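Raw contents of model_23.tsv, TSV, C-alpha atoms:
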```tsv
chain	number	residue	atom	x	y	z
A	1	MET	CA	0.00	0.00	0.00
A	2	LYS	CA	2.81	2.33	0.88
A	3	LYS	CA	4.43	1.55	-2.43
A	4	LEU	CA	1.23	2.26	-4.26
A	5	LEU	CA	0.87	5.58	-2.51
A	6	ALA	CA	4.43	6.52	-3.42
A	7	MET	CA	3.72	5.72	-7.04
A	8	GLY	CA	0.67	7.91	-6.90
A	9	VAL	CA	2.76	10.81	-5.66
A	10	ILE	CA	5.29	10.32	-8.42
A	11	GLY	CA	2.51	10.17	-10.95
A	12	LEU	CA	1.20	13.47	-9.68
A	13	PHE	CA	4.58	15.11	-10.02
A	14	ALA	CA	4.96	13.90	-13.56
A	15	ALA	CA	1.54	15.19	-14.49
A	16	THR	CA	2.20	18.62	-12.96
A	17	ALA	CA	5.53	18.84	-14.76
A	18	ASN	CA	3.85	18.15	-18.07
A	19	VAL	CA	1.37	20.96	-17.58
A	20	ALA	CA	4.16	23.44	-16.98
A	21	LEU	CA	6.00	22.36	-20.10
A	22	ALA	CA	5.01	22.22	-23.72
A	23	ASP	CA	1.87	20.79	-25.16
A	24	GLU	CA	3.24	17.56	-26.65
A	25	ASP	CA	0.73	17.45	-29.46
A	26	ALA	CA	0.98	21.05	-30.60
A	27	GLU	CA	1.92	21.51	-34.24
A	28	LEU	CA	3.73	24.48	-35.69
A	29	VAL	CA	1.74	26.29	-38.37
A	30	VAL	CA	2.66	29.75	-39.64
A	31	ASP	CA	0.23	31.50	-42.00
A	32	GLY	CA	-1.30	28.19	-42.99
A	33	GLN	CA	2.07	26.62	-43.69
A	34	ALA	CA	2.68	23.47	-41.64
A	35	PHE	CA	6.15	22.64	-40.35
A	36	VAL	CA	7.68	19.25	-39.64
A	37	THR	CA	8.81	19.45	-36.02
A	38	LYS	CA	8.72	15.73	-35.28
A	39	LEU	CA	9.60	12.68	-37.34
A	40	ASP	CA	10.82	9.14	-36.93
A	41	ALA	CA	14.57	8.90	-37.11
A	42	PRO	CA	16.21	6.81	-39.83
A	43	ALA	CA	17.64	3.44	-38.75
A	44	ASP	CA	21.25	4.65	-38.59
A	45	SER	CA	20.43	7.64	-36.38
A	46	PRO	CA	21.40	7.59	-32.71
A	47	LEU	CA	17.97	9.10	-31.95
A	48	SER	CA	14.66	7.25	-32.05
A	49	GLU	CA	12.73	10.33	-33.10
A	50	ILE	CA	13.83	13.73	-34.29
A	51	LEU	CA	12.30	16.70	-32.49
A	52	SER	CA	12.65	20.38	-33.25
A	53	GLY	CA	13.58	22.62	-30.36
A	54	TRP	CA	10.22	24.30	-30.85
A	55	ARG	CA	8.51	21.27	-29.27
A	56	PHE	CA	10.43	21.76	-26.03
A	57	ARG	CA	9.31	25.31	-25.44
A	58	ASN	CA	6.30	26.28	-23.38
A	59	ASP	CA	2.96	27.19	-24.93
A	60	GLU	CA	3.43	30.94	-24.85
A	61	THR	CA	6.85	30.79	-26.48
A	62	GLN	CA	5.60	28.34	-29.09
A	63	GLU	CA	2.73	30.63	-29.92
A	64	LEU	CA	4.96	33.63	-30.58
A	65	GLN	CA	6.54	31.77	-33.47
A	66	THR	CA	3.21	31.02	-35.11
A	67	ASP	CA	2.59	34.67	-35.96
A	68	ASP	CA	5.16	36.55	-38.03
A	69	PHE	CA	4.02	39.83	-36.56
A	70	GLU	CA	4.54	38.69	-33.00
A	71	ASN	CA	7.79	36.88	-33.71
A	72	PRO	CA	10.48	39.45	-32.87
A	73	ALA	CA	12.98	37.56	-35.03
A	74	MET	CA	11.15	38.94	-38.05
A	75	ILE	CA	12.47	42.40	-37.18
A	76	PHE	CA	15.90	41.09	-38.05
A	77	ALA	CA	14.74	39.37	-41.22
A	78	GLU	CA	13.23	42.69	-42.32
A	79	TYR	CA	16.49	44.46	-41.60
A	80	GLY	CA	18.23	41.75	-43.62
A	81	GLU	CA	15.97	42.50	-46.56
A	82	GLU	CA	17.01	46.14	-46.36
A	83	LEU	CA	20.68	45.18	-46.32
A	84	TRP	CA	20.10	42.84	-49.26
A	85	GLU	CA	19.11	45.83	-51.36
A	86	THR	CA	21.73	48.24	-50.03
A	87	ALA	CA	24.90	48.78	-52.02
A	88	ASP	CA	28.11	48.23	-50.08
A	89	GLY	CA	31.84	48.00	-50.68
A	90	ALA	CA	34.26	49.46	-53.22
A	91	ASP	CA	32.29	48.14	-56.18
A	92	GLY	CA	29.07	49.77	-54.98
A	93	LYS	CA	27.03	46.64	-55.51
A	94	SER	CA	24.23	45.23	-53.42
A	95	CYS	CA	23.41	41.56	-52.93
A	96	ALA	CA	20.35	42.10	-55.12
A	97	ASP	CA	22.46	43.40	-58.02
A	98	CYS	CA	23.87	39.91	-58.59
A	99	HIS	CA	21.42	37.61	-56.87
A	100	GLY	CA	18.18	39.38	-57.74
A	101	ASP	CA	15.16	38.33	-55.77
A	102	ALA	CA	16.28	36.43	-52.69
A	103	ALA	CA	13.03	34.46	-52.68
A	104	GLU	CA	14.27	32.84	-55.89
A	105	SER	CA	18.04	32.81	-55.64
A	106	MET	CA	18.42	31.96	-51.95
A	107	LYS	CA	15.64	29.40	-51.78
A	108	GLY	CA	16.85	26.18	-50.22
A	109	LEU	CA	20.30	27.48	-49.32
A	110	ARG	CA	19.82	27.48	-45.55
A	111	ALA	CA	18.44	23.92	-45.67
A	112	SER	CA	21.70	22.66	-47.16
A	113	MET	CA	24.18	24.54	-44.96
A	114	PRO	CA	26.97	24.02	-44.01
A	115	LYS	CA	28.27	23.16	-47.45
A	116	TRP	CA	31.61	22.36	-49.06
A	117	HIS	CA	33.05	25.30	-50.99
A	118	ASP	CA	35.05	24.29	-54.05
A	119	GLY	CA	36.88	27.57	-54.46
A	120	LYS	CA	38.12	27.87	-50.89
A	121	LYS	CA	38.43	24.11	-50.38
A	122	THR	CA	36.79	24.26	-47.00
A	123	LEU	CA	33.44	23.78	-45.33
A	124	PHE	CA	31.33	26.93	-45.40
A	125	ALA	CA	28.69	27.94	-42.88
A	126	LEU	CA	26.13	30.46	-44.15
A	127	GLU	CA	28.11	33.24	-42.47
A	128	ASP	CA	31.28	32.19	-44.35
A	129	HIS	CA	29.36	32.30	-47.61
A	130	ILE	CA	28.08	35.79	-46.96
A	131	ASN	CA	31.49	37.14	-46.02
A	132	TRP	CA	33.16	35.42	-48.95
A	133	SER	CA	30.66	37.03	-51.29
A	134	ARG	CA	31.14	40.41	-49.63
A	135	GLU	CA	34.90	40.29	-50.09
A	136	GLU	CA	34.95	38.63	-53.48
A	137	HIS	CA	32.10	40.37	-55.25
A	138	GLN	CA	31.31	43.54	-53.34
A	139	LYS	CA	34.87	44.31	-52.25
A	140	ALA	CA	33.34	45.07	-48.89
A	141	LYS	CA	34.61	44.46	-45.41
A	142	PRO	CA	33.48	41.14	-43.95
A	143	TRP	CA	30.92	41.35	-41.19
A	144	LYS	CA	31.69	40.06	-37.74
A	145	TRP	CA	30.13	36.67	-37.05
A	146	GLU	CA	27.77	37.93	-34.37
A	147	SER	CA	27.16	41.44	-35.75
A	148	GLN	CA	23.60	42.69	-36.15
A	149	GLU	CA	24.12	42.88	-39.91
A	150	MET	CA	25.29	39.27	-40.17
A	151	LEU	CA	22.43	38.00	-38.03
A	152	ALA	CA	19.93	40.00	-40.04
A	153	MET	CA	21.33	38.67	-43.31
A	154	THR	CA	21.42	35.02	-42.19
A	155	ALA	CA	17.87	35.43	-40.88
A	156	TYR	CA	16.70	36.91	-44.18
A	157	ILE	CA	18.46	34.31	-46.34
A	158	GLY	CA	17.29	31.55	-44.02
A	159	LEU	CA	13.73	32.79	-44.26
A	160	GLN	CA	13.75	31.99	-47.99
A	161	SER	CA	14.12	28.29	-47.09
A	162	ARG	CA	11.53	28.30	-44.36
A	163	GLY	CA	9.44	25.15	-44.36
A	164	MET	CA	11.91	23.20	-46.52
A	165	PRO	CA	13.41	20.02	-45.07
A	166	VAL	CA	16.99	20.12	-43.83
A	167	LYS	CA	19.23	18.09	-46.12
A	168	VAL	CA	23.01	18.40	-45.98
A	169	LYS	CA	25.70	16.76	-48.07
A	170	VAL	CA	27.94	14.67	-45.83
A	171	ASP	CA	29.82	12.67	-48.46
A	172	GLY	CA	32.74	13.62	-50.67
A	173	PRO	CA	35.03	16.27	-49.25
A	174	ALA	CA	32.57	17.00	-46.41
A	175	ALA	CA	32.88	13.45	-45.06
A	176	ASP	CA	35.98	14.20	-42.98
A	177	TRP	CA	34.29	17.27	-41.50
A	178	TRP	CA	31.23	15.25	-40.61
A	179	LYS	CA	33.42	12.68	-38.82
A	180	ARG	CA	35.19	15.48	-36.97
A	181	GLY	CA	31.80	16.85	-35.95
A	182	GLU	CA	30.66	13.48	-34.69
A	183	GLU	CA	33.86	13.08	-32.72
A	184	LEU	CA	33.37	16.49	-31.12
A	185	TYR	CA	29.77	15.65	-30.28
A	186	TYR	CA	30.77	12.61	-28.25
A	187	THR	CA	33.96	14.01	-26.68
A	188	ARG	CA	33.81	14.92	-23.01
A	189	VAL	CA	35.16	18.41	-22.35
A	190	GLY	CA	35.35	21.00	-19.60
A	191	GLN	CA	35.40	20.86	-15.83
A	192	LEU	CA	32.05	19.09	-15.80
A	193	ASP	CA	33.50	16.52	-18.19
A	194	MET	CA	30.43	16.31	-20.38
A	195	SER	CA	29.85	15.83	-24.07
A	196	CYS	CA	26.94	17.14	-26.15
A	197	ALA	CA	25.42	13.65	-26.03
A	198	HIS	CA	25.03	13.63	-22.26
A	199	CYS	CA	22.37	16.29	-22.38
A	200	HIS	CA	21.03	16.32	-25.91
A	201	GLU	CA	21.01	12.62	-26.76
A	202	ASN	CA	20.62	10.82	-23.43
A	203	ASN	CA	18.52	13.36	-21.55
A	204	TYR	CA	16.47	15.43	-23.93
A	205	GLY	CA	13.01	16.03	-22.50
A	206	ASN	CA	14.38	16.14	-18.95
A	207	MET	CA	15.02	19.23	-16.89
A	208	ILE	CA	18.53	20.44	-16.17
A	209	ARG	CA	17.79	22.75	-13.29
A	210	ALA	CA	15.37	25.26	-14.84
A	211	ASP	CA	16.04	24.36	-18.46
A	212	HIS	CA	14.07	21.89	-20.52
A	213	LEU	CA	16.67	19.97	-22.49
A	214	SER	CA	16.08	19.73	-26.22
A	215	GLN	CA	17.85	17.63	-28.79
A	216	GLY	CA	19.95	20.62	-29.73
A	217	GLN	CA	18.59	20.77	-33.26
A	218	ILE	CA	19.72	23.75	-35.31
A	219	ASN	CA	16.94	24.00	-37.89
A	220	GLY	CA	15.66	27.34	-36.57
A	221	PHE	CA	18.90	29.34	-36.43
A	222	PRO	CA	19.63	32.15	-36.30
A	223	VAL	CA	17.06	32.37	-33.51
A	224	TYR	CA	15.65	35.17	-31.44
A	225	ARG	CA	16.26	34.01	-27.92
A	226	LEU	CA	14.24	35.67	-25.18
A	227	LYS	CA	17.14	35.24	-22.77
A	228	TRP	CA	19.44	37.08	-25.15
A	229	GLN	CA	16.86	39.78	-25.88
A	230	GLY	CA	17.97	39.42	-29.42
A	231	MET	CA	19.24	37.28	-32.22
A	232	GLY	CA	22.06	34.75	-32.03
A	233	SER	CA	23.94	32.44	-34.36
A	234	ILE	CA	24.34	28.68	-34.10
A	235	HIS	CA	27.93	29.17	-32.98
A	236	ARG	CA	26.85	31.52	-30.21
A	237	ARG	CA	24.59	28.76	-28.89
A	238	PHE	CA	27.48	26.25	-29.09
A	239	LYS	CA	29.64	28.66	-27.15
A	240	GLY	CA	26.92	29.02	-24.50
A	241	CYS	CA	26.73	25.25	-24.11
A	242	MET	CA	30.50	24.98	-23.72
A	243	ASP	CA	30.54	27.80	-21.17
A	244	ASN	CA	27.86	25.97	-19.20
A	245	ILE	CA	29.93	22.82	-18.89
A	246	ARG	CA	32.91	25.01	-17.99
A	247	ALA	CA	34.89	24.21	-21.10
A	248	THR	CA	36.99	26.65	-23.08
A	249	PRO	CA	34.75	27.36	-26.05
A	250	PHE	CA	35.98	27.27	-29.61
A	251	LYS	CA	35.81	30.50	-31.55
A	252	ARG	CA	32.78	31.41	-33.62
A	253	GLY	CA	33.48	30.43	-37.20
A	254	SER	CA	36.19	27.97	-36.16
A	255	ASP	CA	36.61	24.70	-38.02
A	256	GLU	CA	35.47	22.84	-34.92
A	257	PHE	CA	32.15	24.67	-34.68
A	258	THR	CA	31.51	24.43	-38.42
A	259	ALA	CA	32.19	20.68	-38.33
A	260	LEU	CA	29.85	20.32	-35.36
A	261	GLU	CA	27.24	22.38	-37.21
A	262	LEU	CA	27.42	19.96	-40.16
A	263	TYR	CA	27.09	16.95	-37.90
A	264	LEU	CA	24.13	18.46	-36.04
A	265	ALA	CA	22.41	19.46	-39.27
A	266	SER	CA	22.69	15.84	-40.46
A	267	ARG	CA	21.12	14.62	-37.21
A	268	GLY	CA	18.16	16.86	-37.87
A	269	GLU	CA	17.57	15.96	-41.51
A	270	GLY	CA	13.92	16.04	-42.40
A	271	LEU	CA	12.98	18.78	-39.95
A	272	SER	CA	11.62	21.92	-41.55
A	273	VAL	CA	13.82	24.98	-41.57
A	274	GLU	CA	12.21	27.35	-39.04
A	275	THR	CA	14.55	30.30	-39.53
A	276	PRO	CA	14.09	32.79	-37.98
A	277	ALA	CA	12.77	30.86	-34.99
A	278	LEU	CA	12.04	31.97	-31.45
A	279	ARG	CA	13.36	30.22	-28.36
A	280	ASN	CA	13.57	31.04	-24.69
B	1	MET	CA	19.36	46.70	-33.30
B	2	ALA	CA	20.33	50.23	-33.89
B	3	LYS	CA	17.30	51.11	-35.95
B	4	ILE	CA	14.11	51.87	-34.10
B	5	LYS	CA	11.08	51.08	-36.19
B	6	PRO	CA	7.47	50.93	-35.04
B	7	ARG	CA	5.07	48.48	-36.63
B	8	VAL	CA	1.37	47.86	-36.05
B	9	LYS	CA	-1.21	45.38	-37.23
B	10	VAL	CA	-4.64	46.97	-37.48
B	11	PRO	CA	-7.70	45.70	-39.35
B	12	LYS	CA	-8.67	48.04	-42.21
B	13	LYS	CA	-12.37	47.55	-41.58
B	14	ALA	CA	-14.36	47.08	-38.41
B	15	LYS	CA	-17.97	46.79	-37.35
B	16	ALA	CA	-19.26	49.53	-35.08
B	17	GLY	CA	-19.23	48.46	-31.44
B	18	GLU	CA	-17.33	45.27	-32.10
B	19	ALA	CA	-14.02	44.69	-30.32
B	20	ILE	CA	-11.03	44.62	-32.65
B	21	THR	CA	-7.53	43.47	-31.76
B	22	ILE	CA	-4.61	45.76	-32.35
B	23	LYS	CA	-1.05	44.46	-32.25
B	24	THR	CA	1.99	46.68	-31.96
B	25	LEU	CA	5.70	45.98	-31.91
B	26	ILE	CA	8.59	48.39	-31.86
B	27	SER	CA	12.22	47.41	-32.36
B	28	HIS	CA	14.02	49.00	-29.45
B	29	PRO	CA	16.93	47.83	-27.25
B	30	MET	CA	15.17	48.80	-23.95
B	31	GLU	CA	18.52	49.30	-22.27
B	32	SER	CA	17.68	49.03	-18.57
B	33	GLY	CA	20.47	51.21	-17.18
B	34	GLN	CA	21.56	48.38	-14.89
B	35	ARG	CA	24.02	46.69	-17.20
B	36	LYS	CA	27.72	47.39	-17.32
B	37	ASP	CA	29.91	47.59	-20.37
B	38	ARG	CA	31.94	44.38	-20.37
B	39	LYS	CA	35.11	46.10	-21.49
B	40	THR	CA	35.15	49.38	-19.60
B	41	GLY	CA	33.05	48.35	-16.58
B	42	GLU	CA	31.00	51.50	-16.88
B	43	LEU	CA	27.24	51.60	-16.57
B	44	ILE	CA	25.40	51.66	-19.89
B	45	PRO	CA	22.95	54.60	-19.66
B	46	ARG	CA	19.25	53.83	-19.51
B	47	LYS	CA	17.39	54.12	-22.79
B	48	ILE	CA	13.90	52.73	-22.83
B	49	ILE	CA	10.50	53.50	-24.27
B	50	ASN	CA	8.80	54.90	-21.18
B	51	LYS	CA	5.36	55.65	-22.59
B	52	PHE	CA	3.08	54.25	-25.21
B	53	VAL	CA	-0.15	55.91	-26.32
B	54	ALA	CA	-2.75	55.04	-28.93
B	55	LYS	CA	-5.01	57.90	-30.01
B	56	TYR	CA	-8.12	57.57	-32.12
B	57	ASN	CA	-9.18	60.74	-33.86
B	58	GLY	CA	-7.20	62.66	-31.26
B	59	THR	CA	-8.63	60.91	-28.20
B	60	ASP	CA	-6.46	58.67	-26.05
B	61	VAL	CA	-7.87	55.15	-26.21
B	62	PHE	CA	-4.99	53.15	-24.77
B	63	TRP	CA	-1.90	54.22	-22.89
B	64	MET	CA	0.72	52.67	-20.68
B	65	ASP	CA	3.94	53.51	-18.90
B	66	MET	CA	6.86	51.18	-19.39
B	67	GLU	CA	9.58	50.43	-16.88
B	68	PRO	CA	13.17	49.19	-17.23
B	69	ALA	CA	12.11	45.57	-16.68
B	70	VAL	CA	10.25	45.50	-19.99
B	71	ALA	CA	12.07	43.33	-22.52
B	72	ALA	CA	13.66	44.53	-25.74
B	73	ASN	CA	11.38	45.04	-28.74
B	74	PRO	CA	8.23	45.51	-26.65
B	75	TYR	CA	5.10	43.92	-28.04
B	76	VAL	CA	1.76	45.36	-26.96
B	77	GLU	CA	-1.63	43.99	-27.89
B	78	PHE	CA	-4.95	45.52	-26.93
B	79	SER	CA	-8.60	45.59	-27.98
B	80	VAL	CA	-10.82	48.56	-28.75
B	81	LYS	CA	-14.44	49.11	-29.69
B	82	LEU	CA	-14.94	51.81	-32.31
B	83	THR	CA	-18.09	53.60	-33.37
B	84	GLU	CA	-16.87	55.82	-36.18
B	85	SER	CA	-14.25	55.73	-38.96
B	86	GLY	CA	-11.00	57.49	-38.34
B	87	THR	CA	-7.27	57.32	-37.80
B	88	MET	CA	-5.45	55.50	-35.04
B	89	ARG	CA	-2.22	57.17	-34.09
B	90	PHE	CA	0.41	55.29	-32.11
B	91	GLU	CA	3.16	57.07	-30.22
B	92	TRP	CA	6.12	55.64	-28.37
B	93	THR	CA	8.09	58.07	-26.22
B	94	ASP	CA	11.79	57.40	-25.71
B	95	ASP	CA	13.88	58.40	-22.69
B	96	ASP	CA	15.79	60.86	-24.87
B	97	GLY	CA	12.53	62.62	-25.70
B	98	SER	CA	12.12	61.37	-29.23
B	99	VAL	CA	8.71	60.14	-30.25
B	100	TYR	CA	8.25	57.35	-32.76
B	101	ASP	CA	4.84	57.36	-34.38
B	102	ILE	CA	2.77	55.64	-36.99
B	103	GLU	CA	-0.81	56.12	-38.19
B	104	LYS	CA	-3.40	53.70	-39.55
B	105	LYS	CA	-6.83	54.37	-41.01
B	106	ILE	CA	-9.78	52.24	-39.98
B	107	SER	CA	-13.15	52.38	-41.67
B	108	VAL	CA	-16.01	51.53	-39.36
B	109	ALA	CA	-19.37	50.46	-40.74
```
Output the file's structure as C-alpha cells, nothing else.
Amino acid sequence: MKKLLAMGVIGLFAATANVALADEDAELVVDGQAFVTKLDAPADSPLSEILSGWRFRNDETQELQTDDFENPAMIFAEYGEELWETADGADGKSCADCHGDAAESMKGLRASMPKWHDGKKTLFALEDHINWSREEHQKAKPWKWESQEMLAMTAYIGLQSRGMPVKVKVDGPAADWWKRGEELYYTRVGQLDMSCAHCHENNYGNMIRADHLSQGQINGFPVYRLKWQGMGSIHRRFKGCMDNIRATPFKRGSDEFTALELYLASRGEGLSVETPALRN
Amino acid sequence: MAKIKPRVKVPKKAKAGEAITIKTLISHPMESGQRKDRKTGELIPRKIINKFVAKYNGTDVFWMDMEPAVAANPYVEFSVKLTESGTMRFEWTDDDGSVYDIEKKISVA
C-alpha cells in the first residue's frame, strides 16, 4: 500500500511537470504553412525520433513563433531585406544586383548549410558564404560573425528556405568534416567533463535545473532568444553550451564549430527549416 | 538593433461596437540602465520606451507607462471598440525625448 501511494505521488509530479511544459501534441503552423517538427529517425540515427527545439518550449513561447508579426525575429529578417538591397563596398554593388530576388536565388540554401566550398576548399557555414561574397564580389569588409548585420542577413536568407526540409551533403570532401563533428559531439570536455550527447542525446526532455533539455537541433537558427533579448547564431549557442559545462569554447566560425554544425544538421535531416525561430 | 522602427497590425475595416484586436511591436533595445559595459566596466545609460499611447481621432484610447524591466522590442496587444471611422495614431516616447509614431486608417461600418 505504501508503495502504491508513493507511485501515486510520483505520478502526480509527472503530471504537474507536463502541464508546466510544452503541449506535446501542438503543431507548428505559420500562416497556414505546416512545419515538420517531429519525425521518426532513420535506422542509422542515434535518436529514435527527431524533435525540433520548438517542441520543447512552453505554450506561450511556441505561440509567438506562429505569428510573423509577433515573432520578434522577423524584425531582423526585415532588416536583412534592407541590407540585401543596399549597395556596399568598393564596387558599390548590393546583394540584389547579382542575386536578384532572394526568394528565388536563396531558396533552399539554408536547408543545405553548411556546405563544401570548391573555391576555398573548405566547409562553409552560411556566415562564411556571406562574407566570402562580400569580399569577393562587393569588395566590402566582412561582417563580424555575431554582428547585427550578419544576423539579419542570415535570418533573411534563411527565411527563404523556411518550411523546406533540412538536407546536408555529408559525403565527398565534407565526409571528414562530418566525422570530426561526430567526434566532437561525443567528446567529453570541460570541468564538468560532459559531451553534447550527455544532455542532448541521453537526456532530452528532462530538466537540467530550470532548463528543458532539447535535442539541440539547429533548424531554426539564427534564432531570437528571449534570454538574449535578441538574435544569435548557431555558434553563439554552441559557445553558450560549452561555457555551461565550464569548457573553453571554440571561436565562432572555427573549423570545430563548423564541423559540429554539419554533424548536427545531419542529425536533424527532415525537420523543416524554421529560420528565424524563437526560443527562450 | 540600432534602428528603431514601429510596426502595427490593425484591421482596415471594423464593425461599429465590435471589439477589434490591435497588435503593436517596436524594435528597441530597452537598455535598462543596470548593465555594465563588459570592457570598460562603466554603466550603460538607460534608454527605454517609457510611454506608449494610442489615439483615435485625437482621443487617447490606450496608454501605458513602461519600466526598465520590460524586454527589448516591446510587443503590446490591446482591444478597442470603435463607433466611427478614423485614424489610429500610435506614439512611443523614448527616454531621450524622441517620439516614434505611426498612423493607420480604420473604416467603421
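Between CA of Ala210 (chain A) and CA of Leu278 (chain A) the interatomic distance comes to 18.2 Å.
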Around region 200-217 of chain A, with edges along x, y and z and 8 Å added on all six sides, what centre and edge lengths do you get, in Å to one decimal, as AutoDock Vina command-line options?
```
--center_x 17.0 --center_y 18.0 --center_z -23.3 --size_x 24.0 --size_y 30.4 --size_z 36.0
```
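Of the residues under consideration (A:Ser161, A:Asn280, A:Asn203, A:Asn71), A:Asn71 shows the shortest atom-to-atom contact distance to chain B when counting only C-alpha atoms.
Distances from B:Leu82, B:Ala69, B:Val53, B:Val108 to Arg35 (chain B) were compared using all atoms listed in the file, and the smallest one belongs to B:Ala69.
Counting only C-alpha atoms and comparing B:Asp101, B:Glu77, B:Asp65, B:Glu91, the residue that lies closest to chain A is B:Glu77.
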**Message:** Please find the residues of chain A near chain B - the criterion being any atom within 12 Å, counting all atoms listed in the file - and write them as a ChimeraX atom specification.
**Reply:** /A:64,67-80,82,147-152,224-231
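The list of residues within 12 Å of (27.4, 50.9, -43.2), counted using all atoms listed in the file, is A:Glu82, A:Leu83, A:Thr86, A:Ala87, A:Asp88, A:Gly89, A:Gly92, A:Ala140, A:Lys141, A:Pro142, A:Trp143, A:Gln148, A:Glu149, B:Ala2.
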**Request:** Would you please work out which residue, of B:Gly86, B:Gly33, B:Pro68, B:Gly97, is nearest to Ala14 (chain B) when using all atoms listed in the file?
**Result:** B:Gly86
**Asked** When you draw a straight line from CA of Asn244 (chain A) to CA of Arg188 (chain A), how long is it in Å?
**Response** 13.1 Å
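CA of Ile157 (chain A) to CA of Asp243 (chain A) spans 28.7 Å [interatomic distance, one decimal].
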Excluding Ile50 (chain A) and any residue of its chain fewer than 6 positions from it, enumerate the residues within 7 Å of it, using only C-alpha atoms, and give them as a compact mmCIF listing (two decimals) with C-alpha atoms, keeping the file's coordinate frame.
```txt
# COMPACT_ATOMS: atom_id res chain seq x y z
CA LYS A 38 8.72 15.73 -35.28
CA LEU A 39 9.60 12.68 -37.34
CA ASP A 40 10.82 9.14 -36.93
CA ALA A 41 14.57 8.90 -37.11
CA GLY A 268 18.16 16.86 -37.87
```
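Ranking A:Ser48, A:Asp193, A:Gly163, A:Gly53 by their shortest atom-to-atom distance to Asp31 (chain A), with all atoms listed in the file included, puts A:Gly163 first.
Between Ala102 (chain A) and the candidates A:Ile130, A:Leu159, A:Leu123, A:Leu184, the tightest atom-to-atom separation, counting all atoms listed in the file, involves A:Leu159.
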**Message:** If we count only C-alpha atoms and set the cut-off at 10 Å, which residues sit around Val70 (chain B), ignoring sequence neighbours fewer than 6 positions away in its own chain? Please answer as a ChimeraX atom specification.
**Reply:** /B:30-32,48-50
What's the 6 Å shell around Trp92 (chain B), counting all atoms listed in the file, without same-chain residues fewer than 4 positions away, as a compact mmCIF listing (two decimals) with C-alpha atoms, in the coordinates of the input?
```
# COMPACT_ATOMS: atom_id res chain seq x y z
CA LYS B 51 5.36 55.65 -22.59
CA PHE B 52 3.08 54.25 -25.21
CA VAL B 99 8.71 60.14 -30.25
CA TYR B 100 8.25 57.35 -32.76
```
**Asked** Hey, what's within 10 Å of Lys15 (chain B) if we count only C-alpha atoms and toss same-chain stuff fewer than 6 positions away? As a ChimeraX atom specification, please?
**Response** /B:81-85,107-109
Any chance you could export the current selection's C-alpha atoms as a PDB file, keeping the file's coordinate frame?
```pdb
ATOM      1  CA  LYS B  81     -14.440  49.110 -29.690  1.00  0.00           C
ATOM      2  CA  LEU B  82     -14.940  51.810 -32.310  1.00  0.00           C
ATOM      3  CA  THR B  83     -18.090  53.600 -33.370  1.00  0.00           C
ATOM      4  CA  GLU B  84     -16.870  55.820 -36.180  1.00  0.00           C
ATOM      5  CA  SER B  85     -14.250  55.730 -38.960  1.00  0.00           C
ATOM      6  CA  SER B 107     -13.150  52.380 -41.670  1.00  0.00           C
ATOM      7  CA  VAL B 108     -16.010  51.530 -39.360  1.00  0.00           C
ATOM      8  CA  ALA B 109     -19.370  50.460 -40.740  1.00  0.00           C
TER       9      ALA B 109
END
```
**Message:** Counting all atoms listed in the file, which residues sit no farther than 10 Å from the position (29.7, 38.5, -52.8) in the file's frame? I'd like them as a PyMOL selection string.
**Reply:** chain A and resi 89+93-95+98-99+129-140+142
Write a file of the just-selected residues containing C-alpha atoms, as a PDB file, in the frame of the given file.
```pdb
ATOM      1  CA  GLY A  89      31.840  48.000 -50.680  1.00  0.00           C
ATOM      2  CA  LYS A  93      27.030  46.640 -55.510  1.00  0.00           C
ATOM      3  CA  SER A  94      24.230  45.230 -53.420  1.00  0.00           C
ATOM      4  CA  CYS A  95      23.410  41.560 -52.930  1.00  0.00           C
ATOM      5  CA  CYS A  98      23.870  39.910 -58.590  1.00  0.00           C
ATOM      6  CA  HIS A  99      21.420  37.610 -56.870  1.00  0.00           C
ATOM      7  CA  HIS A 129      29.360  32.300 -47.610  1.00  0.00           C
ATOM      8  CA  ILE A 130      28.080  35.790 -46.960  1.00  0.00           C
ATOM      9  CA  ASN A 131      31.490  37.140 -46.020  1.00  0.00           C
ATOM     10  CA  TRP A 132      33.160  35.420 -48.950  1.00  0.00           C
ATOM     11  CA  SER A 133      30.660  37.030 -51.290  1.00  0.00           C
ATOM     12  CA  ARG A 134      31.140  40.410 -49.630  1.00  0.00           C
ATOM     13  CA  GLU A 135      34.900  40.290 -50.090  1.00  0.00           C
ATOM     14  CA  GLU A 136      34.950  38.630 -53.480  1.00  0.00           C
ATOM     15  CA  HIS A 137      32.100  40.370 -55.250  1.00  0.00           C
ATOM     16  CA  GLN A 138      31.310  43.540 -53.340  1.00  0.00           C
ATOM     17  CA  LYS A 139      34.870  44.310 -52.250  1.00  0.00           C
ATOM     18  CA  ALA A 140      33.340  45.070 -48.890  1.00  0.00           C
ATOM     19  CA  PRO A 142      33.480  41.140 -43.950  1.00  0.00           C
TER      20      PRO A 142
END
```
